[in-house]
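Raw final01.cif, mmCIF, C-alpha atoms:
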data_final
loop_
_atom_site.group_PDB
_atom_site.id
_atom_site.type_symbol
_atom_site.label_atom_id
_atom_site.label_comp_id
_atom_site.auth_asym_id
_atom_site.auth_seq_id
_atom_site.Cartn_x
_atom_site.Cartn_y
_atom_site.Cartn_z
ATOM 1 C CA MET A 285 -36.943 35.301 -33.096
ATOM 2 C CA VAL A 286 -38.716 34.608 -29.816
ATOM 3 C CA GLU A 287 -36.825 32.214 -27.564
ATOM 4 C CA GLN A 288 -38.642 28.896 -27.492
ATOM 5 C CA GLU A 289 -38.878 26.564 -24.561
ATOM 6 C CA SER A 290 -37.271 23.216 -25.195
ATOM 7 C CA PRO A 291 -39.737 20.447 -26.073
ATOM 8 C CA LEU A 292 -37.533 18.188 -23.936
ATOM 9 C CA LYS A 293 -38.223 20.100 -20.711
ATOM 10 C CA PRO A 294 -40.861 17.681 -19.333
ATOM 11 C CA VAL A 295 -38.536 14.665 -19.798
ATOM 12 C CA TRP A 296 -35.181 16.373 -19.171
ATOM 13 C CA LYS A 297 -33.462 14.636 -16.251
ATOM 14 C CA PRO A 298 -29.881 15.854 -15.795
ATOM 15 C CA GLY A 299 -27.404 13.498 -14.209
ATOM 16 C CA SER A 300 -26.265 9.916 -14.564
ATOM 17 C CA HIS A 301 -28.610 7.070 -15.435
ATOM 18 C CA GLY A 302 -28.509 3.374 -16.292
ATOM 19 C CA ASN A 303 -25.757 0.784 -16.054
ATOM 20 C CA PHE A 304 -22.344 2.224 -15.153
ATOM 21 C CA ALA A 305 -20.468 -1.057 -14.703
ATOM 22 C CA ASN A 306 -18.063 0.023 -17.473
ATOM 23 C CA GLY A 307 -18.332 3.788 -16.990
ATOM 24 C CA VAL A 308 -20.406 6.280 -18.978
ATOM 25 C CA GLY A 309 -21.216 4.938 -22.441
ATOM 26 C CA VAL A 310 -22.850 8.062 -23.857
ATOM 27 C CA TYR A 311 -23.467 11.693 -23.027
ATOM 28 C CA LEU A 312 -26.789 13.148 -24.157
ATOM 29 C CA SER A 313 -27.491 16.860 -24.533
ATOM 30 C CA GLU A 314 -29.566 19.388 -26.430
ATOM 31 C CA THR A 315 -27.467 21.904 -28.377
ATOM 32 C CA MET A 316 -30.128 24.605 -29.126
ATOM 33 C CA PRO A 317 -28.571 26.359 -32.155
ATOM 34 C CA GLY A 318 -29.917 29.777 -33.139
ATOM 35 C CA SER A 319 -30.317 28.816 -36.809
ATOM 36 C CA ILE A 320 -31.059 25.587 -38.639
ATOM 37 C CA VAL A 321 -31.441 26.167 -42.382
ATOM 38 C CA GLN A 322 -32.066 23.760 -45.235
ATOM 39 C CA LEU A 323 -30.937 24.663 -48.737
ATOM 40 C CA ALA A 324 -31.979 22.797 -51.871
ATOM 41 C CA ALA A 325 -30.327 23.389 -55.228
ATOM 42 C CA TRP A 326 -32.182 23.083 -58.504
ATOM 43 C CA PRO A 327 -30.622 20.452 -60.809
ATOM 44 C CA GLY A 328 -27.254 21.705 -62.054
ATOM 45 C CA GLU A 329 -27.033 24.467 -59.415
ATOM 46 C CA GLU A 330 -25.393 22.436 -56.623
ATOM 47 C CA LYS A 331 -22.027 24.197 -56.928
ATOM 48 C CA ALA A 332 -23.734 27.612 -56.699
ATOM 49 C CA VAL A 333 -25.460 26.611 -53.447
ATOM 50 C CA ILE A 334 -22.200 25.186 -52.041
ATOM 51 C CA ALA A 335 -20.543 28.519 -52.925
ATOM 52 C CA ALA A 336 -23.358 30.411 -51.159
ATOM 53 C CA ILE A 337 -22.856 28.262 -48.048
ATOM 54 C CA LYS A 338 -19.180 29.189 -48.035
ATOM 55 C CA LYS A 339 -19.928 32.890 -48.612
ATOM 56 C CA VAL A 340 -22.709 33.241 -46.021
ATOM 57 C CA ALA A 341 -21.719 30.742 -43.328
ATOM 58 C CA GLY A 342 -17.977 30.538 -43.937
ATOM 59 C CA VAL A 343 -18.195 26.752 -44.166
ATOM 60 C CA THR A 344 -16.466 24.887 -46.993
ATOM 61 C CA LEU A 345 -18.330 21.784 -48.128
ATOM 62 C CA PRO A 346 -17.070 19.026 -50.370
ATOM 63 C CA ASP A 347 -19.025 18.520 -53.578
ATOM 64 C CA GLY A 348 -21.529 15.686 -53.184
ATOM 65 C CA ALA A 349 -24.210 14.324 -50.928
ATOM 66 C CA GLY A 350 -23.119 13.168 -47.498
ATOM 67 C CA GLY A 351 -20.046 15.385 -47.213
ATOM 68 C CA GLY A 352 -19.873 17.978 -44.511
ATOM 69 C CA ALA A 353 -17.908 20.285 -42.270
ATOM 70 C CA PRO A 354 -18.455 20.191 -38.502
ATOM 71 C CA GLY A 355 -17.633 23.067 -36.182
ATOM 72 C CA ASP A 356 -18.203 24.383 -32.680
ATOM 73 C CA VAL A 357 -20.178 27.422 -33.842
ATOM 74 C CA LYS A 358 -21.260 26.520 -37.391
ATOM 75 C CA ALA A 359 -21.670 23.225 -39.216
ATOM 76 C CA ALA A 360 -23.030 22.085 -42.565
ATOM 77 C CA PHE A 361 -23.563 18.859 -44.458
ATOM 78 C CA GLY A 362 -25.170 17.501 -47.585
ATOM 79 C CA PHE A 363 -27.809 14.918 -46.736
ATOM 80 C CA ALA A 364 -29.150 14.147 -50.214
ATOM 81 C CA PRO A 365 -28.200 15.150 -53.762
ATOM 82 C CA GLY A 366 -28.429 18.951 -53.907
ATOM 83 C CA LYS A 367 -29.757 19.267 -50.331
ATOM 84 C CA PHE A 368 -27.836 20.758 -47.429
ATOM 85 C CA LEU A 369 -28.372 21.530 -43.756
ATOM 86 C CA VAL A 370 -26.516 24.490 -42.234
ATOM 87 C CA VAL A 371 -26.489 25.117 -38.483
ATOM 88 C CA ASP A 372 -25.255 28.215 -36.683
ATOM 89 C CA GLU A 373 -25.065 29.168 -33.034
ATOM 90 C CA LYS A 374 -26.465 32.592 -33.972
ATOM 91 C CA GLU A 375 -29.903 33.510 -35.295
ATOM 92 C CA GLY A 376 -30.538 35.142 -38.669
ATOM 93 C CA LEU A 377 -28.841 32.672 -40.995
ATOM 94 C CA ALA A 378 -32.000 32.044 -43.042
ATOM 95 C CA GLU A 379 -32.352 35.735 -43.841
ATOM 96 C CA ALA A 380 -28.728 35.908 -44.980
ATOM 97 C CA PHE A 381 -29.178 32.871 -47.235
ATOM 98 C CA ALA A 382 -32.427 34.249 -48.670
ATOM 99 C CA LYS A 383 -30.426 37.252 -49.928
ATOM 100 C CA ALA A 384 -27.559 35.112 -51.257
ATOM 101 C CA VAL A 385 -29.469 32.281 -52.982
ATOM 102 C CA ASP A 386 -31.569 33.463 -55.905
ATOM 103 C CA ILE A 387 -34.799 31.558 -56.572
ATOM 104 C CA SER A 388 -33.326 30.498 -59.932
ATOM 105 C CA VAL A 389 -30.541 28.659 -58.034
ATOM 106 C CA GLY A 390 -32.483 26.948 -55.257
ATOM 107 C CA THR A 391 -34.581 27.299 -52.130
ATOM 108 C CA VAL A 392 -33.917 28.313 -48.536
ATOM 109 C CA THR A 393 -36.048 26.955 -45.690
ATOM 110 C CA ASP A 394 -35.696 28.122 -42.089
ATOM 111 C CA LEU A 395 -36.128 25.063 -39.863
ATOM 112 C CA SER A 396 -34.990 26.745 -36.639
ATOM 113 C CA HIS A 397 -38.501 26.717 -35.150
ATOM 114 C CA GLY A 398 -39.295 23.174 -36.254
ATOM 115 C CA ARG A 399 -36.249 21.113 -35.264
ATOM 116 C CA THR A 400 -34.641 20.027 -32.030
ATOM 117 C CA ALA A 401 -30.885 19.408 -31.992
ATOM 118 C CA ILE A 402 -29.717 16.467 -29.885
ATOM 119 C CA ARG A 403 -26.073 15.526 -29.325
ATOM 120 C CA VAL A 404 -25.038 11.932 -28.656
ATOM 121 C CA ALA A 405 -21.382 11.583 -27.665
ATOM 122 C CA GLY A 406 -19.144 9.026 -26.023
ATOM 123 C CA PRO A 407 -17.497 5.666 -26.629
ATOM 124 C CA LYS A 408 -20.829 3.880 -27.200
ATOM 125 C CA ALA A 409 -22.466 6.564 -29.381
ATOM 126 C CA GLU A 410 -22.230 4.478 -32.571
ATOM 127 C CA TRP A 411 -23.631 1.437 -30.787
ATOM 128 C CA VAL A 412 -26.612 3.315 -29.296
ATOM 129 C CA LEU A 413 -27.492 5.032 -32.588
ATOM 130 C CA ALA A 414 -27.271 1.717 -34.463
ATOM 131 C CA LYS A 415 -30.187 0.543 -32.309
ATOM 132 C CA PHE A 416 -32.340 3.191 -34.017
ATOM 133 C CA PHE A 417 -31.063 3.592 -37.552
ATOM 134 C CA ALA A 418 -30.076 1.084 -40.258
ATOM 135 C CA ILE A 419 -26.867 2.966 -41.009
ATOM 136 C CA ASP A 420 -23.241 1.902 -40.758
ATOM 137 C CA PHE A 421 -21.950 4.333 -38.117
ATOM 138 C CA SER A 422 -18.314 3.186 -38.358
ATOM 139 C CA GLN A 423 -15.845 5.993 -39.118
ATOM 140 C CA VAL A 424 -14.918 4.360 -42.417
ATOM 141 C CA SER A 425 -18.512 4.564 -43.700
ATOM 142 C CA PHE A 426 -19.561 7.645 -41.746
ATOM 143 C CA PRO A 427 -16.495 9.902 -41.316
ATOM 144 C CA VAL A 428 -16.303 13.078 -39.255
ATOM 145 C CA GLY A 429 -18.268 15.826 -40.998
ATOM 146 C CA ALA A 430 -20.484 13.459 -42.983
ATOM 147 C CA GLY A 431 -24.257 13.672 -42.782
ATOM 148 C CA ARG A 432 -27.198 11.377 -43.420
ATOM 149 C CA SER A 433 -30.973 11.612 -43.394
ATOM 150 C CA THR A 434 -32.984 8.642 -42.189
ATOM 151 C CA VAL A 435 -36.003 7.626 -40.114
ATOM 152 C CA HIS A 436 -36.752 5.636 -36.994
ATOM 153 C CA HIS A 437 -40.406 4.580 -36.703
ATOM 154 C CA ASP A 438 -41.543 7.564 -38.778
ATOM 155 C CA VAL A 439 -39.324 10.001 -36.853
ATOM 156 C CA PHE A 440 -37.246 11.744 -39.529
ATOM 157 C CA ALA A 441 -33.689 12.546 -38.460
ATOM 158 C CA GLN A 442 -30.768 14.342 -40.042
ATOM 159 C CA ILE A 443 -27.490 13.205 -38.503
ATOM 160 C CA GLN A 444 -23.982 14.635 -38.700
ATOM 161 C CA ARG A 445 -20.883 13.075 -37.193
ATOM 162 C CA THR A 446 -19.235 16.108 -35.578
ATOM 163 C CA ALA A 447 -16.297 14.332 -33.875
ATOM 164 C CA PRO A 448 -14.901 10.783 -33.777
ATOM 165 C CA THR A 449 -17.342 9.757 -31.023
ATOM 166 C CA GLN A 450 -20.008 12.463 -31.389
ATOM 167 C CA PHE A 451 -23.139 12.890 -33.499
ATOM 168 C CA ASP A 452 -25.615 15.766 -33.778
ATOM 169 C CA LEU A 453 -29.183 14.759 -34.629
ATOM 170 C CA TYR A 454 -31.887 17.092 -35.902
ATOM 171 C CA VAL A 455 -35.413 15.770 -35.361
ATOM 172 C CA PHE A 456 -38.857 17.305 -35.778
ATOM 173 C CA ARG A 457 -39.685 19.351 -32.702
ATOM 174 C CA SER A 458 -43.056 17.601 -32.390
ATOM 175 C CA PHE A 459 -41.335 14.197 -32.109
ATOM 176 C CA ALA A 460 -38.385 15.334 -29.989
ATOM 177 C CA ARG A 461 -39.815 14.346 -26.607
ATOM 178 C CA SER A 462 -40.722 10.797 -27.626
ATOM 179 C CA PHE A 463 -37.425 10.359 -29.493
ATOM 180 C CA TRP A 464 -35.465 11.641 -26.482
ATOM 181 C CA THR A 465 -37.306 9.233 -24.172
ATOM 182 C CA ALA A 466 -36.511 6.315 -26.500
ATOM 183 C CA LEU A 467 -32.880 7.478 -26.758
ATOM 184 C CA CYS A 468 -32.562 7.499 -22.970
ATOM 185 C CA HIS A 469 -34.029 3.979 -22.735
ATOM 186 C CA ALA A 470 -31.643 2.737 -25.437
ATOM 187 C CA SER A 471 -28.686 4.358 -23.647
ATOM 188 C CA ALA A 472 -29.481 2.924 -20.203
ATOM 189 C CA GLU A 473 -27.797 -0.374 -21.072
ATOM 190 C CA VAL A 474 -24.400 1.338 -21.473
ATOM 191 C CA GLY A 475 -24.899 4.079 -18.864
ATOM 192 C CA TYR A 476 -25.643 7.651 -19.926
ATOM 193 C CA GLU A 477 -25.277 11.131 -18.580
ATOM 194 C CA VAL A 478 -27.615 13.979 -19.458
ATOM 195 C CA ARG A 479 -25.849 17.323 -19.557
#

Transcribe the structure of this file into structure tokens.
Amino acid sequence: MVEQESPLKPVWKPGSHGNFANGVGVYLSETMPGSIVQLAAWPGEEKAVIAAIKKVAGVTLPDGAGGGAPGDVKAAFGFAPGKFLVVDEKEGLAEAFAKAVDISVGTVTDLSHGRTAIRVAGPKAEWVLAKFFAIDFSQVSFPVGAGRSTVHHDVFAQIQRTAPTQFDLYVFRSFARSFWTALCHASAEVGYEVR
């Protein structure tokens, strides 16, 4: 795969911004994984796709939509019944899944070229994200590892809580710049650092 330039480059402003009266509220960054792959199981084949995710990516998922497994190098989560997103630091995951998931079991879609991965972390991460999405971001409703798919003003986002105060968001590459700009504006109130 040819290395792509980040769509955030024109609006990327490293450093500290906004109101720091109470310290840094959130840290914003782009994670740039090598692979972002969506798998969809045909009805009744969900367990076979979950097994393929474990075999290919080495990630164990709970059975059911919304469950997930975060990691530093690889992560995966179910975001709808029978639909899963798998992320890897390395390239080539889609090809490996294409060999492991037969067309009679489900589909494999490489989204690596079409998504931008944004990380929102810090003590005010839930609060900032709640400005955008009508989701309960509390740890009780959205535990570590869990994933959701949602929209903000027609910008589709897949979100995984990867740590107690950290979320990874996957948005369409074509909307990434405008979403990032809005995210920075929303974070200014609590103080944010781009890193």

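If you measure from each of A:Arg479, A:Arg432, A:Arg457, A:Lys331 to A:Pro346 using all atoms listed in the file, the closest one turns out to be A:Lys331.
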
Determine the residue set returned by the PyMOL selection byres ((chain A and resi 370) around 10) for the present structure, and present it as a compact mmCIF listing (two decimals) with C-alpha atoms, in the frame of the given file.
# COMPACT_ATOMS: atom_id res chain seq x y z
CA SER A 319 -30.32 28.82 -36.81
CA ILE A 320 -31.06 25.59 -38.64
CA VAL A 321 -31.44 26.17 -42.38
CA GLN A 322 -32.07 23.76 -45.24
CA LEU A 323 -30.94 24.66 -48.74
CA ILE A 337 -22.86 28.26 -48.05
CA ALA A 341 -21.72 30.74 -43.33
CA VAL A 343 -18.20 26.75 -44.17
CA GLY A 352 -19.87 17.98 -44.51
CA ALA A 353 -17.91 20.28 -42.27
CA PRO A 354 -18.45 20.19 -38.50
CA LYS A 358 -21.26 26.52 -37.39
CA ALA A 359 -21.67 23.22 -39.22
CA ALA A 360 -23.03 22.08 -42.56
CA PHE A 361 -23.56 18.86 -44.46
CA GLY A 362 -25.17 17.50 -47.58
CA PHE A 368 -27.84 20.76 -47.43
CA LEU A 369 -28.37 21.53 -43.76
CA VAL A 371 -26.49 25.12 -38.48
CA ASP A 372 -25.26 28.22 -36.68
CA LEU A 377 -28.84 32.67 -41.00
CA ALA A 378 -32.00 32.04 -43.04
CA ASP A 394 -35.70 28.12 -42.09
CA LEU A 395 -36.13 25.06 -39.86

Chain and number of each residue from the PyMOL selection byres ((chain A and resi 443) around 8), as a short mmCIF file (atom, residue, chain, number, x, y, z; two decimals) with C-alpha atoms, keeping the file's coordinate frame:
data_model
loop_
_atom_site.label_atom_id
_atom_site.label_comp_id
_atom_site.auth_asym_id
_atom_site.auth_seq_id
_atom_site.Cartn_x
_atom_site.Cartn_y
_atom_site.Cartn_z
CA GLY A 431 -24.26 13.67 -42.78
CA ARG A 432 -27.20 11.38 -43.42
CA SER A 433 -30.97 11.61 -43.39
CA ALA A 441 -33.69 12.55 -38.46
CA GLN A 442 -30.77 14.34 -40.04
CA GLN A 444 -23.98 14.64 -38.70
CA ARG A 445 -20.88 13.08 -37.19
CA PHE A 451 -23.14 12.89 -33.50
CA ASP A 452 -25.62 15.77 -33.78
CA LEU A 453 -29.18 14.76 -34.63
CA TYR A 454 -31.89 17.09 -35.90
#

- Give as a list in words each residue that has an atom at most 6 Å from (-29.4, 11.1, -21.5) in the file, counting all atoms listed in the file.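 Protein and nucleic acid residues near the point are Leu312, Cys468, Tyr476, Glu477 and Val478 of chain A.
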
### Query
Do you know which residues the PyMOL selection byres ((chain A and resi 409) around 8) returns on this file, as a list in words?
Gly309, Val310, Val404, Ala405, Gly406, Pro407, Lys408, Glu410, Trp411, Val412, Leu413, Thr449, Gln450 and Phe451 of chain A

3 Å per side around stretch 339-356 of chain A: axis-aligned box centre and edge lengths, as JSON:
{"center_x": -20.3, "center_y": 23.2, "center_z": -43.1, "size_x": 13.7, "size_y": 26.1, "size_z": 26.9}

**Prompt:** Using only C-alpha atoms, which residues sit within 7 Å of A:Phe440 once same-chain residues fewer than 6 positions away are excluded, as a ChimeraX atom specification?
**Reply:** /A:434,455-456

Can you spit out the residues from that selection as an mmCIF file, in the frame of the given file, using C-alpha atoms?
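This went into part37.cif:
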data_model
loop_
_atom_site.group_PDB
_atom_site.id
_atom_site.type_symbol
_atom_site.label_atom_id
_atom_site.label_comp_id
_atom_site.auth_asym_id
_atom_site.auth_seq_id
_atom_site.Cartn_x
_atom_site.Cartn_y
_atom_site.Cartn_z
ATOM 1 C CA THR A 434 -32.984 8.642 -42.189
ATOM 2 C CA VAL A 455 -35.413 15.770 -35.361
ATOM 3 C CA PHE A 456 -38.857 17.305 -35.778
#

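Of the residues under consideration (A:Thr393, A:Thr315, A:Ser388, A:Thr344), A:Thr315 shows the shortest atom-to-atom contact distance to A:Leu292 when counting all atoms listed in the file.
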
What separates atom CA of A:His301 and atom CA of A:Lys415 is a distance of 18.2 Å

- Item | d(atom CA of A:Lys293, atom CA of A:Ser462) in Å |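 Computed distance, atom CA of A:Lys293 to atom CA of A:Ser462, equals 11.9 Å.
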
| task | Enter the distance from atom CA of A:Val392 to atom CA of A:Glu379, in Å, rounded to one decimal. | result |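 Separation between atom CA of A:Val392 and atom CA of A:Glu379: 8.9 Å.
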
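The residue that comes closest to A:Ala466, out of A:Tyr311, A:Trp326, A:Phe416, A:Phe421 and on the basis of only C-alpha atoms, is A:Phe416.
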
Original post:
For A:Lys367, which of A:Ala418, A:Ala384, A:Ala349, A:Ala336 is the closest residue, counting only C-alpha atoms?
Top reply: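 Checking each of A:Ala418, A:Ala384, A:Ala349, A:Ala336 against A:Lys367, counting only C-alpha atoms, the winner is A:Ala349.
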
| query | Taking all atoms listed in the file into account, which of A:Pro427, A:Glu375, A:Glu330, A:Val308 comes nearest A:Gly390? | reply |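 Comparing A:Pro427, A:Glu375, A:Glu330, A:Val308 against A:Gly390, the winner is A:Glu330.
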
**Asked** What's the 8 Å shell around A:Glu314, counting only C-alpha atoms, without same-chain residues fewer than 2 positions away, as number ranges by chain?
**Response** A: 312, 316, 400-403

Nearest to A:Ile387, restricted to all atoms listed in the file and choosing among A:Leu345, A:Phe363, A:Ala332, A:Phe426, comes out as A:Ala332
